[in-house]
Structure formats: C-alpha cells, structure tokens
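Engineer: This is the content of run11.cif (mmCIF, C-alpha atoms):
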data_my_file
#
loop_
_atom_site.group_PDB
_atom_site.id
_atom_site.type_symbol
_atom_site.label_atom_id
_atom_site.label_comp_id
_atom_site.auth_asym_id
_atom_site.auth_seq_id
_atom_site.Cartn_x
_atom_site.Cartn_y
_atom_site.Cartn_z
ATOM 1 C CA MET T 1 -18.161 6.397 5.628
ATOM 2 C CA SER T 2 -17.982 10.105 6.187
ATOM 3 C CA ARG T 3 -15.479 11.731 3.899
ATOM 4 C CA LYS T 4 -14.838 14.704 6.164
ATOM 5 C CA ARG T 5 -14.536 14.916 9.906
ATOM 6 C CA LYS T 6 -15.770 17.925 11.828
ATOM 7 C CA LYS T 7 -13.303 19.670 14.077
ATOM 8 C CA PRO T 8 -14.240 21.145 17.451
ATOM 9 C CA THR T 9 -15.549 24.681 17.039
ATOM 10 C CA GLY T 10 -14.934 25.826 20.591
ATOM 11 C CA SER T 11 -13.075 24.980 23.786
ATOM 12 C CA ARG T 12 -13.573 25.426 27.508
ATOM 13 C CA ARG T 13 -11.995 28.550 29.010
ATOM 14 C CA PRO T 14 -9.034 27.525 31.222
ATOM 15 C CA SER T 15 -8.683 28.786 34.751
ATOM 16 C CA GLY T 16 -5.957 29.228 37.355
ATOM 17 C CA ALA T 17 -2.427 28.402 36.258
ATOM 18 C CA GLN T 18 -3.679 27.158 32.932
ATOM 19 C CA ALA T 19 -5.155 30.570 32.140
ATOM 20 C CA ARG T 20 -1.720 32.159 32.385
ATOM 21 C CA THR T 21 -0.272 29.780 29.774
ATOM 22 C CA PRO T 22 -0.446 31.130 26.207
ATOM 23 C CA ALA T 23 -2.770 29.142 23.991
ATOM 24 C CA THR T 24 -0.111 28.757 21.360
ATOM 25 C CA THR T 25 2.454 27.184 23.684
ATOM 26 C CA ASP T 26 3.529 23.718 22.526
ATOM 27 C CA GLU T 27 5.753 21.807 24.892
ATOM 28 C CA ARG T 28 6.653 19.183 22.306
ATOM 29 C CA PRO T 29 9.915 19.681 20.420
ATOM 30 C CA GLN T 30 9.495 21.390 17.077
ATOM 31 C CA VAL T 31 10.067 19.221 14.007
ATOM 32 C CA PRO T 32 11.572 20.767 10.852
ATOM 33 C CA ARG T 33 8.999 21.163 8.089
ATOM 34 C CA LEU T 34 10.996 18.846 5.840
ATOM 35 C CA LEU T 35 10.529 16.044 8.391
ATOM 36 C CA SER T 36 7.055 17.032 9.593
ATOM 37 C CA TRP T 37 5.602 13.763 8.290
ATOM 38 C CA LEU T 38 7.619 12.039 11.047
ATOM 39 C CA ALA T 39 5.958 14.101 13.775
ATOM 40 C CA PRO T 40 3.484 12.453 16.150
ATOM 41 C CA PRO T 41 -0.189 13.124 15.367
ATOM 42 C CA SER T 42 -1.810 16.134 16.994
ATOM 43 C CA ALA T 43 -4.918 15.905 19.134
ATOM 44 C CA ASP T 44 -7.181 17.014 16.282
ATOM 45 C CA SER T 45 -5.495 14.919 13.572
ATOM 46 C CA ALA T 46 -7.937 13.327 11.139
ATOM 47 C CA TRP T 47 -5.619 10.367 10.544
ATOM 48 C CA PRO T 48 -7.064 7.193 12.135
ATOM 49 C CA PRO T 49 -4.674 5.294 14.430
ATOM 50 C CA ILE T 50 -2.846 2.380 12.841
ATOM 51 C CA GLY T 51 -4.506 -0.169 15.125
ATOM 52 C CA ARG T 52 -7.997 1.047 14.311
ATOM 53 C CA SER T 53 -7.165 1.217 10.612
ATOM 54 C CA LEU T 54 -5.965 -2.389 10.555
ATOM 55 C CA ALA T 55 -8.988 -3.564 12.532
ATOM 56 C CA ARG T 56 -11.275 -1.751 10.087
ATOM 57 C CA GLY T 57 -9.403 -3.292 7.156
ATOM 58 C CA PHE T 58 -9.657 -6.860 8.470
ATOM 59 C CA ILE T 59 -13.346 -6.441 9.314
ATOM 60 C CA THR T 60 -14.210 -4.836 5.967
ATOM 61 C CA VAL T 61 -12.517 -7.531 3.905
ATOM 62 C CA GLY T 62 -13.857 -10.322 6.090
ATOM 63 C CA ALA T 63 -17.391 -8.965 5.717
ATOM 64 C CA SER T 64 -17.111 -8.817 1.904
ATOM 65 C CA PRO T 65 -17.397 -12.360 0.503
ATOM 66 C CA ILE T 66 -17.155 -11.122 -3.088
ATOM 67 C CA THR T 67 -13.788 -9.507 -2.365
ATOM 68 C CA LEU T 68 -12.392 -12.589 -0.644
ATOM 69 C CA LEU T 69 -13.700 -15.059 -3.212
ATOM 70 C CA SER T 70 -12.463 -12.906 -6.083
ATOM 71 C CA ALA T 71 -8.988 -12.724 -4.542
ATOM 72 C CA PHE T 72 -8.860 -16.463 -3.855
ATOM 73 C CA GLY T 73 -9.975 -17.202 -7.406
ATOM 74 C CA LEU T 74 -7.375 -14.834 -8.842
ATOM 75 C CA GLN T 75 -4.701 -16.464 -6.703
ATOM 76 C CA PHE T 76 -5.561 -19.914 -8.070
ATOM 77 C CA VAL T 77 -5.706 -18.698 -11.685
ATOM 78 C CA MET T 78 -2.399 -16.833 -11.370
ATOM 79 C CA TRP T 79 -0.685 -19.921 -9.952
ATOM 80 C CA LEU T 80 -2.003 -22.044 -12.823
ATOM 81 C CA GLY T 81 -0.738 -19.435 -15.266
ATOM 82 C CA LEU T 82 2.742 -19.468 -13.731
ATOM 83 C CA VAL T 83 2.821 -23.271 -13.840
ATOM 84 C CA ALA T 84 1.753 -23.200 -17.497
ATOM 85 C CA LEU T 85 4.658 -20.836 -18.230
ATOM 86 C CA GLY T 86 7.094 -23.327 -16.692
ATOM 87 C CA LEU T 87 7.314 -22.414 -13.000
ATOM 88 C CA GLU T 88 8.236 -25.252 -10.650
ATOM 89 C CA GLY T 89 8.091 -23.578 -7.233
ATOM 90 C CA PRO T 90 9.067 -22.893 -4.597
ATOM 91 C CA PHE T 91 5.650 -23.037 -2.993
ATOM 92 C CA SER T 92 6.448 -19.945 -0.894
ATOM 93 C CA LEU T 93 5.577 -17.862 -3.973
ATOM 94 C CA LEU T 94 1.920 -18.505 -3.186
ATOM 95 C CA VAL T 95 2.220 -16.534 0.042
ATOM 96 C CA ASN T 96 2.813 -13.145 -1.596
ATOM 97 C CA LEU T 97 1.106 -13.818 -4.917
ATOM 98 C CA LEU T 98 -1.456 -11.079 -4.173
ATOM 99 C CA ALA T 99 0.776 -8.826 -2.100
ATOM 100 C CA LEU T 100 0.836 -5.069 -2.658
ATOM 101 C CA PRO T 101 3.527 -3.551 -4.855
ATOM 102 C CA PRO T 102 6.479 -3.390 -4.402
ATOM 103 C CA ILE T 103 6.435 -6.783 -2.623
ATOM 104 C CA SER T 104 4.521 -8.355 -5.504
ATOM 105 C CA THR T 105 6.739 -6.512 -7.987
ATOM 106 C CA TYR T 106 9.806 -8.016 -6.334
ATOM 107 C CA TYR T 107 8.423 -11.544 -6.691
ATOM 108 C CA ASP T 108 7.148 -10.916 -10.228
ATOM 109 C CA ALA T 109 10.593 -9.844 -11.407
ATOM 110 C CA ASN T 110 12.329 -12.793 -9.764
ATOM 111 C CA THR T 111 9.757 -15.246 -11.134
ATOM 112 C CA SER T 112 10.022 -13.788 -14.626
ATOM 113 C CA PHE T 113 13.805 -14.104 -14.715
ATOM 114 C CA GLU T 114 13.599 -17.594 -13.243
ATOM 115 C CA ILE T 115 11.228 -18.801 -15.968
ATOM 116 C CA PHE T 116 12.583 -16.939 -18.998
ATOM 117 C CA GLY T 117 16.149 -16.167 -17.945
ATOM 118 C CA PRO T 118 17.866 -12.852 -17.229
ATOM 119 C CA GLY T 119 18.052 -11.794 -20.886
ATOM 120 C CA PHE T 120 15.779 -9.752 -23.120
ATOM 121 C CA THR T 121 12.951 -12.291 -22.939
ATOM 122 C CA GLY T 122 12.967 -12.132 -19.159
ATOM 123 C CA LEU T 123 12.810 -8.336 -19.257
ATOM 124 C CA ILE T 124 9.845 -8.354 -21.653
ATOM 125 C CA SER T 125 8.014 -10.950 -19.569
ATOM 126 C CA THR T 126 8.548 -8.773 -16.497
ATOM 127 C CA GLY T 127 6.620 -6.028 -18.260
ATOM 128 C CA GLY T 128 3.837 -8.514 -18.990
ATOM 129 C CA PHE T 129 3.698 -9.520 -15.337
ATOM 130 C CA LEU T 130 3.525 -5.831 -14.415
ATOM 131 C CA LEU T 131 0.462 -5.324 -16.631
ATOM 132 C CA VAL T 132 -1.314 -8.324 -15.131
ATOM 133 C CA ARG T 133 -0.471 -7.064 -11.658
ATOM 134 C CA ALA T 134 -1.887 -3.624 -12.522
ATOM 135 C CA VAL T 135 -5.217 -5.136 -13.601
ATOM 136 C CA VAL T 136 -5.474 -7.296 -10.477
ATOM 137 C CA LEU T 137 -4.629 -4.398 -8.153
ATOM 138 C CA GLY T 138 -7.126 -2.085 -9.839
ATOM 139 C CA LEU T 139 -9.986 -4.587 -9.563
ATOM 140 C CA LEU T 140 -9.301 -5.545 -5.944
ATOM 141 C CA THR T 141 -8.922 -1.910 -4.875
ATOM 142 C CA ALA T 142 -12.225 -1.062 -6.549
ATOM 143 C CA LEU T 143 -14.015 -3.863 -4.670
ATOM 144 C CA ILE T 144 -12.585 -2.659 -1.353
ATOM 145 C CA VAL T 145 -13.531 0.984 -1.991
ATOM 146 C CA ARG T 146 -17.031 -0.191 -2.946
ATOM 147 C CA ALA T 147 -17.273 -2.024 0.378
ATOM 148 C CA TYR T 148 -16.487 1.240 2.196
ATOM 149 C CA GLU T 149 -18.798 3.370 0.108
ATOM 150 C CA GLY T 150 -21.665 0.897 0.463
ATOM 151 C CA GLU T 151 -23.139 1.711 -2.928
ATOM 152 C CA GLY T 152 -22.916 0.613 -6.536
ATOM 153 C CA THR T 153 -23.072 -2.829 -8.095
ATOM 154 C CA ILE T 154 -20.180 -5.224 -8.452
ATOM 155 C CA GLY T 155 -20.142 -4.612 -12.204
ATOM 156 C CA GLU T 156 -19.818 -0.859 -11.673
ATOM 157 C CA ALA T 157 -16.979 -1.423 -9.206
ATOM 158 C CA LEU T 158 -15.110 -3.622 -11.675
ATOM 159 C CA ARG T 159 -15.529 -1.031 -14.421
ATOM 160 C CA ARG T 160 -14.130 1.609 -12.074
ATOM 161 C CA GLY T 161 -11.212 -0.696 -11.370
ATOM 162 C CA LEU T 162 -10.455 -1.077 -15.069
ATOM 163 C CA ARG T 163 -10.449 2.697 -15.512
ATOM 164 C CA VAL T 164 -7.695 3.173 -12.919
ATOM 165 C CA ILE T 165 -5.329 0.678 -14.562
ATOM 166 C CA PRO T 166 -3.085 3.509 -15.878
ATOM 167 C CA VAL T 167 -2.531 4.600 -12.276
ATOM 168 C CA THR T 168 -1.758 1.059 -11.101
ATOM 169 C CA ILE T 169 0.665 0.683 -14.018
ATOM 170 C CA VAL T 170 2.513 3.799 -12.860
ATOM 171 C CA TYR T 171 2.497 2.390 -9.328
ATOM 172 C CA GLY T 172 4.070 -0.827 -10.607
ATOM 173 C CA LEU T 173 6.632 0.968 -12.762
ATOM 174 C CA MET T 174 7.752 3.184 -9.901
ATOM 175 C CA SER T 175 7.943 0.176 -7.596
ATOM 176 C CA MET T 176 10.125 -1.641 -10.120
ATOM 177 C CA THR T 177 12.326 1.432 -10.528
ATOM 178 C CA PHE T 178 12.859 1.721 -6.779
ATOM 179 C CA MET T 179 13.551 -2.017 -6.604
ATOM 180 C CA PHE T 180 16.176 -1.933 -9.348
ATOM 181 C CA VAL T 181 17.873 1.117 -7.837
ATOM 182 C CA GLY T 182 17.945 -0.646 -4.485
ATOM 183 C CA SER T 183 19.477 -3.737 -6.094
ATOM 184 C CA ILE T 184 22.224 -1.668 -7.724
ATOM 185 C CA VAL T 185 23.002 0.057 -4.433
ATOM 186 C CA GLN T 186 23.027 -3.314 -2.666
ATOM 187 C CA GLN T 187 25.647 -4.655 -5.068
ATOM 188 C CA ALA T 188 27.744 -1.527 -4.594
ATOM 189 C CA LEU T 189 27.580 -1.454 -0.787
ATOM 190 C CA GLY T 190 27.673 -5.175 -0.044
ATOM 191 C CA ALA T 191 25.496 -7.541 1.945
ATOM 192 C CA GLY T 192 25.187 -5.450 5.122
ATOM 193 C CA LEU T 193 24.366 -1.815 4.420
ATOM 194 C CA GLY T 194 23.380 -2.655 0.865
ATOM 195 C CA LEU T 195 20.659 -5.057 2.021
ATOM 196 C CA LEU T 196 19.257 -2.389 4.334
ATOM 197 C CA VAL T 197 19.135 0.150 1.503
ATOM 198 C CA SER T 198 17.442 -2.422 -0.738
ATOM 199 C CA ILE T 199 14.703 -3.038 1.834
ATOM 200 C CA LEU T 200 14.247 0.687 2.451
ATOM 201 C CA SER T 201 13.764 1.211 -1.290
ATOM 202 C CA LEU T 202 10.759 -1.132 -1.099
ATOM 203 C CA VAL T 203 9.446 0.799 1.899
ATOM 204 C CA ALA T 204 9.849 4.084 0.003
ATOM 205 C CA ALA T 205 7.881 2.805 -2.998
ATOM 206 C CA LEU T 206 5.007 1.644 -0.802
ATOM 207 C CA PHE T 207 5.123 4.857 1.242
ATOM 208 C CA LEU T 208 4.886 7.180 -1.763
ATOM 209 C CA PHE T 209 2.489 5.405 -4.134
ATOM 210 C CA VAL T 210 0.115 3.132 -2.205
ATOM 211 C CA PHE T 211 -2.563 5.856 -1.977
ATOM 212 C CA ALA T 212 -2.654 6.563 -5.722
ATOM 213 C CA PRO T 213 -5.104 3.789 -6.805
ATOM 214 C CA VAL T 214 -7.580 4.740 -4.058
ATOM 215 C CA LEU T 215 -7.405 8.406 -5.030
ATOM 216 C CA ALA T 216 -7.948 7.493 -8.684
ATOM 217 C CA LEU T 217 -11.141 5.666 -7.713
ATOM 218 C CA ARG T 218 -12.371 8.468 -5.486
ATOM 219 C CA GLU T 219 -11.450 11.242 -7.932
ATOM 220 C CA PRO T 220 -12.045 9.761 -11.399
ATOM 221 C CA ARG T 221 -11.848 13.135 -13.174
ATOM 222 C CA THR T 222 -8.400 13.988 -11.799
ATOM 223 C CA PRO T 223 -5.558 13.562 -14.336
ATOM 224 C CA LEU T 224 -3.144 10.699 -13.768
ATOM 225 C CA GLN T 225 -0.170 12.905 -12.951
ATOM 226 C CA GLU T 226 -2.139 14.879 -10.380
ATOM 227 C CA VAL T 227 -3.474 11.676 -8.793
ATOM 228 C CA VAL T 228 0.072 10.460 -8.212
ATOM 229 C CA ARG T 229 1.101 13.855 -6.828
ATOM 230 C CA ARG T 230 -1.862 13.988 -4.452
ATOM 231 C CA GLY T 231 -1.029 10.500 -3.236
ATOM 232 C CA VAL T 232 2.513 11.603 -2.434
ATOM 233 C CA ARG T 233 1.234 14.728 -0.656
ATOM 234 C CA ALA T 234 -1.101 12.588 1.421
ATOM 235 C CA ALA T 235 1.800 10.341 2.424
ATOM 236 C CA LEU T 236 3.827 13.380 3.511
ATOM 237 C CA MET T 237 1.096 14.945 5.621
ATOM 238 C CA PRO T 238 2.200 15.569 9.234
ATOM 239 C CA GLY T 239 1.128 13.148 11.927
ATOM 240 C CA SER T 240 0.018 10.341 9.628
ATOM 241 C CA ARG T 241 2.341 7.628 10.977
ATOM 242 C CA HIS T 242 2.172 6.345 7.407
ATOM 243 C CA LEU T 243 5.851 5.380 7.412
ATOM 244 C CA LEU T 244 5.354 3.169 10.461
ATOM 245 C CA MET T 245 2.489 1.334 8.786
ATOM 246 C CA CYS T 246 4.529 0.816 5.605
ATOM 247 C CA LEU T 247 7.440 -0.557 7.629
ATOM 248 C CA LEU T 248 5.071 -2.915 9.405
ATOM 249 C CA TYR T 249 3.710 -4.276 6.120
ATOM 250 C CA ILE T 250 7.103 -4.713 4.440
ATOM 251 C CA PHE T 251 8.737 -6.487 7.373
ATOM 252 C CA LEU T 252 5.664 -8.644 7.966
ATOM 253 C CA THR T 253 5.220 -9.846 4.395
ATOM 254 C CA LEU T 254 8.764 -10.061 3.088
ATOM 255 C CA PRO T 255 10.563 -12.165 5.723
ATOM 256 C CA ILE T 256 7.968 -13.349 8.257
ATOM 257 C CA LEU T 257 5.035 -14.677 6.221
ATOM 258 C CA THR T 258 7.367 -16.326 3.713
ATOM 259 C CA ALA T 259 9.523 -17.962 6.374
ATOM 260 C CA LEU T 260 6.505 -19.447 8.176
ATOM 261 C CA ALA T 261 4.976 -21.002 5.051
ATOM 262 C CA PRO T 262 4.582 -24.786 5.497
ATOM 263 C CA GLY T 263 6.518 -26.528 2.756
ATOM 264 C CA GLY T 264 7.539 -23.165 1.336
ATOM 265 C CA VAL T 265 11.006 -24.307 0.273
ATOM 266 C CA LEU T 266 9.701 -27.314 -1.674
ATOM 267 C CA LEU T 267 9.709 -27.339 -5.455
ATOM 268 C CA GLY T 268 6.873 -28.568 -7.649
ATOM 269 C CA VAL T 269 3.602 -27.573 -9.248
ATOM 270 C CA ASN T 270 1.095 -29.038 -6.762
ATOM 271 C CA PRO T 271 1.375 -27.334 -3.359
ATOM 272 C CA PRO T 272 0.116 -29.392 -0.412
ATOM 273 C CA LEU T 273 -3.183 -28.516 1.243
ATOM 274 C CA ALA T 274 -1.465 -26.904 4.243
ATOM 275 C CA THR T 275 0.415 -24.539 1.934
ATOM 276 C CA TRP T 276 -2.787 -23.557 0.140
ATOM 277 C CA VAL T 277 -4.615 -22.849 3.396
ATOM 278 C CA TYR T 278 -1.723 -20.772 4.696
ATOM 279 C CA ALA T 279 -1.460 -18.885 1.385
ATOM 280 C CA LEU T 280 -5.165 -18.037 1.474
ATOM 281 C CA VAL T 281 -4.803 -16.676 5.003
ATOM 282 C CA CYS T 282 -1.852 -14.548 3.845
ATOM 283 C CA THR T 283 -3.946 -13.255 0.943
ATOM 284 C CA TYR T 284 -6.559 -12.164 3.470
ATOM 285 C CA VAL T 285 -3.804 -10.292 5.330
ATOM 286 C CA HIS T 286 -2.663 -8.540 2.130
ATOM 287 C CA LEU T 287 -6.216 -7.470 1.288
ATOM 288 C CA SER T 288 -6.761 -6.234 4.829
ATOM 289 C CA PHE T 289 -3.670 -4.039 4.669
ATOM 290 C CA LEU T 290 -4.879 -2.661 1.328
ATOM 291 C CA ALA T 291 -8.249 -1.932 2.942
ATOM 292 C CA ALA T 292 -6.513 -0.274 5.910
ATOM 293 C CA PHE T 293 -4.527 2.010 3.599
ATOM 294 C CA ALA T 294 -7.737 2.862 1.730
ATOM 295 C CA TYR T 295 -9.571 3.601 4.978
ATOM 296 C CA ARG T 296 -6.845 5.966 6.170
ATOM 297 C CA LEU T 297 -6.733 7.817 2.841
ATOM 298 C CA MET T 298 -10.510 8.188 2.654
ATOM 299 C CA ALA T 299 -10.536 9.636 6.175
ATOM 300 C CA VAL T 300 -8.261 12.557 5.232
ATOM 301 C CA GLU T 301 -8.829 13.003 1.502
ATOM 302 C CA ASP T 302 -10.520 16.384 2.018
ATOM 303 C CA GLU T 303 -7.437 17.656 3.864
ATOM 304 C CA ILE T 304 -4.795 16.723 1.290
ATOM 305 C CA PRO T 305 -2.935 19.932 0.361
ATOM 306 C CA ASP T 306 -3.438 21.180 -3.178
ATOM 307 C CA THR T 307 0.166 22.370 -3.467
ATOM 308 C CA PRO T 308 3.461 20.810 -2.396
ATOM 309 C CA VAL T 309 4.535 21.478 1.169
ATOM 310 C CA LYS T 310 6.998 24.357 1.227
ATOM 311 C CA LEU T 311 10.198 23.900 3.156
ATOM 312 C CA ARG T 312 10.826 26.166 6.104
ATOM 313 C CA ARG T 313 14.036 27.156 7.807
ATOM 314 C CA ARG T 314 14.219 26.551 11.527
#
Can the structure in the file be given as structure tokens, please?
Structural biologist:
Amino acid sequence: MSRKRKKPTGSRRPSGAQARTPATTDERPQVPRLLSWLAPPSADSAWPPIGRSLARGFITVGASPITLLSAFGLQFVMWLGLVALGLEGPFSLLVNLLALPPISTYYDANTSFEIFGPGFTGLISTGGFLLVRAVVLGLLTALIVRAYEGEGTIGEALRRGLRVIPVTIVYGLMSMTFMFVGSIVQQALGAGLGLLVSILSLVAALFLFVFAPVLALREPRTPLQEVVRRGVRAALMPGSRHLLMCLLYIFLTLPILTALAPGGVLLGVNPPLATWVYALVCTYVHLSFLAAFAYRLMAVEDEIPDTPVKLRRR
C-alpha cells in the first residue's frame, strides 16, 4: 500500500460567474480550531472514508488465513485459561474475548474481580490480564500490518509484535484509567447521565490510543512517548471522522454483539457449538475493525503533524 498520496498539482481555470468568485471562498461554516477534528473531510483529504476502510479491513483479514487462525487459536486458549482460573461463564464473554481495548479491558477487569474478588488479589490479577492482553494485541496488530505491507515472514512479524508490547501496555493502562474514571463518575451522577459518561470514557480511550500500536510497528525507532503523542495527533487531525468510527465500534461491540449471542446468559465451562460459531464470527469483526483502523492510519501517516495543534481564537 502506498504510504503517501499525491495531491493534485493544478486545477482548471474557472470561467464566467465562477471566475469572479475568490479561490479562497469557503461556503461551509468555519469550525473552531479546537473542534477541527469534528469538521467534515475536505475534497483533498487523505483520510479514507469509513465505509471503504471497513471493507478493506474485512477483506484484508478474510484474505489472511494466518491472522484468522491465530486469532481463533488464541481465543480458544484464553477461554481455557479463564476456565482453569475458575471462571464459570457467562458464555457471552467469548464474544468480546479478542475485542480492542477498552472493550476488552472492561471485560478483563470484570472477569478478574469475578474470579478473584474485588480485593487486592483481584487488582493484581487485573494487571496480569492487562499484560496478556498487551501481548495478544501486539501480535495480532503485527500480523495485520504485515498483511498490508505484503512483505516479511510470519516470524519477523511476530518479533515486531513483541517489540511493541510496551506501547500496547500503555494503551491498556490508559484504557483502564479512563474506564475507572468513568465508573467513578457514573456512581456520582447516577444511572442516567452517569452511564452515558461511562460509555463516552470508553469511546475516548479508543479514540485517543487505537493508532499507537500501528505507529509503533511502522516507526520502530520512535520513542514510546512520542509514538503515543503521534497517535493522539493523528486522531485529532481535521476531517478524519475518527470519532464516528470509534462510536460505531463501541456501540456495536458493547451492547449489540453481546445481546445477540446465542446462549450468552448461560453459565458453565463448555459453551454450545452455536455460541462458539457466533464468537468466532465476532472475533472476525473485531480483527476487521483493527485492520480498518490500521488502514486509515497508514493512509495518512506522512501527514501527521510533528507538533501539537495550536489553538486559535475565532
């Protein structure tokens, strides 16, 4: 995939009434610089549309058997590990077992406290789950980036994935921080507004940090702190529609996929075949969204600003 898109170098000279209109005239309402990332994309925006990004993600993952088989194998091993630790359902946990943080972080924390209790042991086990999640995310992201790049062996991709584990750990820690803050606000504000703030905290974590693992793979010599900063700057670039895509993923995975799981409310250690099939399909959806985020980032990585966007008075 081309890492940089060429912009048009010239334009046709307008005539008639169009010639009397200044070239700099923009009939769209001006958006404050602070909220420029909410603006609609311009005609020459390098950001791919959300629909095309998702289609590219689903096709890329579906055309990579090693990525799918690796994810399915990890899903089975992780379920066996949870059962060995004492988990007894519900089977709906299988649906988001390989979801992106902070969705996976949300389920990891709940599962940890359910198995080990809400005390010190549960808190320590949550950190252990976070480390496992960081390794899994790093490896799967590396396989997806390899599928886009079309070069390198599987072993090289896995080694690259292991090297970005510090970045995925930071991603998980920030997701957990946002989740805990959202939970505290939810308790303070009640079930209505508090629940909305809690969900938006998950959206914010995905919005700000989902690009960091891909950037770490693409820019292996960049320090960890700068990788995270560049990921945030990419998320805040004008015209990306990145917030809309994050909202779509959160509201699809958190309530919808879980609610539709066959036998999801049942308890036990042996999910029925229908639940397994549905969970594997959901894992394919999670990987495809990860691939879509990676595709969008790789399309604009050369245009990420090197310094934070300065605020401007209207």
Engineer: Nearest residue to Leu267 in chain T out of T:Pro90, T:Gly57, T:Gly190, T:Pro223, using all atoms listed in the file?
Structural biologist: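 Ranked by minimum distance to Leu267 in chain T, first place goes to T:Pro90.
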Engineer: Using all atoms listed in the file, determine which residues lie at most 9 Å from range 213-216 of chain T, disregarding the query and same-chain residues fewer than 6 positions distant; provide the list as a list in words.
Structural biologist: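 So, after excluding close chain neighbours, the residues are Leu137, Gly138, Thr141, Ala142, Val145, Gly161, Arg163, Val164, Ile165, Val167, Thr168, Tyr171, Thr222, Pro223, Leu224, Val227, Val228, Arg230, Gly231, Phe293, Ala294, Leu297, Met298 and Glu301 of chain T.
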Engineer: With the cut-off set at 8 Å and counting all atoms listed in the file, tabulate each residue of range 77-183 of chain T with an atom at most that distance from an atom of range 257-266 of chain T, showing the nearest atom pair and its distance in Å to one decimal, ordered by chain and increasing number, as a Markdown table.
Structural biologist:
| residue | atom | partner | partner_atom | distance |
| --- | --- | --- | --- | --- |
| T:Gly89 | CA | T:Leu266 | CA | 6.9 |
| T:Pro90 | CA | T:Leu266 | CA | 5.3 |
| T:Phe91 | CA | T:Gly264 | CA | 4.7 |
| T:Ser92 | CA | T:Gly264 | CA | 4.1 |
| T:Leu93 | CA | T:Gly264 | CA | 7.8 |
| T:Val95 | CA | T:Thr258 | CA | 6.3 |
| T:Asn96 | CA | T:Thr258 | CA | 7.7 |
Engineer: Between T:Phe211, T:Arg233, T:Leu94, T:Thr111, which has the minimum distance to Thr275 in chain T (counting only C-alpha atoms)?
Structural biologist: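 Among T:Phe211, T:Arg233, T:Leu94, T:Thr111, it is T:Leu94 that comes nearest to Thr275 in chain T.
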Engineer: What is the CA of Glu149 in chain T to CA of Val285 in chain T distance in Å?
Structural biologist: 20.9 Å
Engineer: From the set T:Arg218, T:Glu156, T:Ile199, T:Ala147, which residue has the shortest atom-to-atom contact distance to Leu68 in chain T, counting all atoms listed in the file?
Structural biologist: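 The answer is T:Ala147, which sits nearest to Leu68 in chain T.
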Engineer: Identify, on the basis of only C-alpha atoms, every residue whose closest approach to Ser64 in chain T does not exceed 12 Å; exclude the query and any residue fewer than 4 positions from it along the same chain; express the result as a short mmCIF file (atom, residue, chain, number, x, y, z; two decimals) with C-alpha atoms, in the frame of the given file.
Structural biologist:
data_model
loop_
_atom_site.label_atom_id
_atom_site.label_comp_id
_atom_site.auth_asym_id
_atom_site.auth_seq_id
_atom_site.Cartn_x
_atom_site.Cartn_y
_atom_site.Cartn_z
CA GLY T 57 -9.40 -3.29 7.16
CA PHE T 58 -9.66 -6.86 8.47
CA ILE T 59 -13.35 -6.44 9.31
CA THR T 60 -14.21 -4.84 5.97
CA LEU T 68 -12.39 -12.59 -0.64
CA LEU T 69 -13.70 -15.06 -3.21
CA SER T 70 -12.46 -12.91 -6.08
CA ALA T 71 -8.99 -12.72 -4.54
CA LEU T 140 -9.30 -5.54 -5.94
CA LEU T 143 -14.02 -3.86 -4.67
CA ILE T 144 -12.58 -2.66 -1.35
CA VAL T 145 -13.53 0.98 -1.99
CA ARG T 146 -17.03 -0.19 -2.95
CA ALA T 147 -17.27 -2.02 0.38
CA TYR T 148 -16.49 1.24 2.20
CA GLY T 150 -21.66 0.90 0.46
CA ILE T 154 -20.18 -5.22 -8.45
CA TYR T 284 -6.56 -12.16 3.47
CA LEU T 287 -6.22 -7.47 1.29
CA SER T 288 -6.76 -6.23 4.83
CA ALA T 291 -8.25 -1.93 2.94
#
